[in-house]
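Heads up, data.pdb below (PDB, C-alpha atoms):
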```
ATOM      1  CA  MET A  85      71.901  80.047 295.675
ATOM      2  CA  THR A  86      73.454  76.627 295.536
ATOM      3  CA  VAL A  87      75.713  75.022 298.091
ATOM      4  CA  ASN A  88      78.732  75.622 295.867
ATOM      5  CA  ASP A  89      77.902  79.335 295.613
ATOM      6  CA  PHE A  90      77.601  79.537 299.377
ATOM      7  CA  LEU A  91      80.914  77.732 299.894
ATOM      8  CA  ASP A  92      82.689  79.980 297.380
ATOM      9  CA  LEU A  93      81.295  83.095 299.028
ATOM     10  CA  SER A  94      82.219  81.849 302.499
ATOM     11  CA  ARG A  95      85.735  80.917 301.392
ATOM     12  CA  ASP A  96      86.164  84.329 299.774
ATOM     13  CA  GLY A  97      84.916  86.058 302.933
ATOM     14  CA  ILE A  98      87.321  84.146 305.160
ATOM     15  CA  THR A  99      90.201  84.939 302.801
ATOM     16  CA  VAL A 100      89.335  88.656 302.893
ATOM     17  CA  LEU A 101      89.107  88.516 306.685
ATOM     18  CA  LEU A 102      92.562  86.953 306.960
ATOM     19  CA  LEU A 103      94.031  89.450 304.490
ATOM     20  CA  ILE A 104      92.678  92.375 306.469
ATOM     21  CA  VAL A 105      93.334  91.196 310.016
ATOM     22  CA  GLY A 106      96.535  89.224 309.420
ATOM     23  CA  PRO A 107      98.990  92.114 309.062
ATOM     24  CA  LEU A 108      97.618  93.873 312.153
ATOM     25  CA  MET A 109      97.874  90.722 314.216
ATOM     26  CA  LEU A 110     101.389  90.106 312.939
ATOM     27  CA  VAL A 111     102.494  93.616 313.948
ATOM     28  CA  SER A 112     100.969  93.172 317.389
ATOM     29  CA  LEU A 113     102.613  89.770 317.770
ATOM     30  CA  VAL A 114     106.069  91.031 316.793
ATOM     31  CA  VAL A 115     105.856  94.065 319.080
ATOM     32  CA  GLY A 116     104.566  91.923 321.948
ATOM     33  CA  LEU A 117     107.382  89.433 321.468
ATOM     34  CA  ALA A 118     109.990  92.203 321.405
ATOM     35  CA  ILE A 119     108.567  93.731 324.589
ATOM     36  CA  ALA A 120     108.446  90.359 326.318
ATOM     37  CA  LEU A 121     112.066  89.754 325.378
ATOM     38  CA  PHE A 122     113.019  93.219 326.658
ATOM     39  CA  GLN A 123     111.175  92.570 329.933
ATOM     40  CA  ALA A 124     112.844  89.197 330.373
ATOM     41  CA  LEU A 125     116.288  90.656 329.754
ATOM     42  CA  THR A 126     115.872  93.678 332.031
ATOM     43  CA  GLN A 127     113.519  92.091 334.606
ATOM     44  CA  ILE A 128     111.197  95.109 334.374
ATOM     45  CA  GLN A 129     107.659  93.837 334.967
ATOM     46  CA  GLU A 130     105.618  96.974 334.360
ATOM     47  CA  MET A 131     102.097  96.296 333.059
ATOM     48  CA  THR A 132     101.814  99.496 331.026
ATOM     49  CA  LEU A 133     105.028  98.591 329.216
ATOM     50  CA  THR A 134     103.254  95.634 327.620
ATOM     51  CA  PHE A 135     100.048  97.343 326.491
ATOM     52  CA  VAL A 136     100.939 100.867 325.415
ATOM     53  CA  PRO A 137     103.559 100.005 322.744
ATOM     54  CA  LYS A 138     101.333  97.282 321.279
ATOM     55  CA  ILE A 139      98.393  99.669 321.046
ATOM     56  CA  VAL A 140     100.499 102.400 319.478
ATOM     57  CA  ALA A 141     102.085  99.978 316.981
ATOM     58  CA  THR A 142      98.673  98.558 316.092
ATOM     59  CA  PHE A 143      97.220 102.029 315.473
ATOM     60  CA  VAL A 144     100.208 103.038 313.344
ATOM     61  CA  ALA A 145      99.888  99.819 311.332
ATOM     62  CA  LEU A 146      96.155 100.441 310.988
ATOM     63  CA  ILE A 147      96.749 103.917 309.607
ATOM     64  CA  LEU A 148      99.401 102.655 307.183
ATOM     65  CA  LEU A 149      97.367  99.630 306.036
ATOM     66  CA  LEU A 150      94.010 101.387 305.758
ATOM     67  CA  PRO A 151      94.198 101.965 301.966
ATOM     68  CA  PHE A 152      94.952  98.254 301.421
ATOM     69  CA  MET A 153      92.074  97.260 303.706
ATOM     70  CA  ILE A 154      89.622  99.571 301.959
ATOM     71  CA  SER A 155      90.579  98.333 298.493
ATOM     72  CA  THR A 156      90.319  94.696 299.621
ATOM     73  CA  LEU A 157      86.866  95.242 301.102
ATOM     74  CA  GLN A 158      85.777  97.227 298.062
ATOM     75  CA  SER A 159      86.779  94.466 295.650
ATOM     76  CA  PHE A 160      85.042  91.898 297.884
ATOM     77  CA  MET A 161      81.862  93.957 297.849
ATOM     78  CA  GLU A 162      82.051  94.319 294.077
ATOM     79  CA  ARG A 163      82.336  90.535 293.720
ATOM     80  CA  ILE A 164      79.300  90.058 295.975
ATOM     81  CA  ALA A 165      77.304  92.661 294.016
ATOM     82  CA  ASP A 166      78.222  90.949 290.730
ATOM     83  CA  ARG A 167      76.998  87.629 292.112
ATOM     84  CA  ILE A 168      73.727  89.216 293.236
ATOM     85  CA  VAL A 169      73.194  90.749 289.791
ATOM     86  CA  THR A 170      73.969  87.510 287.920
ATOM     87  CA  MET A 171      71.646  85.478 290.145
ATOM     88  CA  GLY A 172      68.600  87.664 289.619
TER      89      GLY A 172
END
```
Could you express the structure from this file as structure tokens?
Amino acid sequence: MTVNDFLDLSRDGITVLLLIVGPLMLVSLVVGLAIALFQALTQIQEMTLTFVPKIVATFVALILLLPFMISTLQSFMERIADRIVTMG
């Protein structure tokens, strides 16, 4: 394995990581921002109000995005397997 192969594989892995985690983080960020805005407007400072909706929204997004995540990881694994086969 050359340095260029390692860099390509690392770059591909980071791209897959961002594709998988990015939408979940974006959902959590948007829900957290909406809750923070709601708390600032109503002056309700309840701790469970910040965590429970973010967790629920993240789980719903996870369920909805799971097919995309699986296909992304599957194609990444196929690319890695092809590289292993062509090297040997």
Residue neighbourhood Met109 of chain A, 12 Å, all atoms listed in the file, exclusion window fewer than 6 positions, as a list in words
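The contact residues come out as Leu101, Leu102, Leu103, Val115, Gly116, Lys138, Ile139, Ala141, Thr142, Phe143, Ala145 and Leu146 of chain A.
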Which value, in Å to one decimal, gives the distance between atom CA of Val140 of chain A and atom CA of Ser112 of chain A?
9.5 Å
Length of the atom CA of Thr132 of chain A to atom CA of Pro107 of chain A vector [Å]:
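Atom CA of Pro107 of chain A lies at a distance of 23.3 Å from atom CA of Thr132 of chain A.
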So the first atom is atom CA of Asn88 of chain A and the second is atom CA of Ile164 of chain A; what is the distance between them in Å, to one decimal place?
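Rounded to one decimal, the two atoms are 14.4 Å apart.
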Go through A:Leu117, A:Ala165, A:Leu148, A:Ile154 one by one, measure the shortest atom-to-atom distance of each to Ile104 of chain A using only C-alpha atoms, and give the residue with the smallest value.
A:Ile154
Using all atoms listed in the file, find the one residue out of A:Met171, A:Met131, A:Met161, A:Leu149 that sits nearest to Gly97 of chain A.
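Of all the options, A:Met161 lies closest to Gly97 of chain A.
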Which residues match the PyMOL selection byres ((chain A and resi 133) around 10) in the file above, as a ChimeraX atom specification?
/A:116,119-120,122-123,128-132,134-138
Where's the centre, and what are the edge lengths in Å to one decimal, of a box along x, y and z enclosing all listed atoms of segment 125-135 of chain A padded 4 Å per side, as lines of an AutoDock Vina configuration file?
```
center_x = 108.2
center_y = 95.1
center_z = 330.7
size_x = 24.2
size_y = 16.8
size_z = 16.5
```
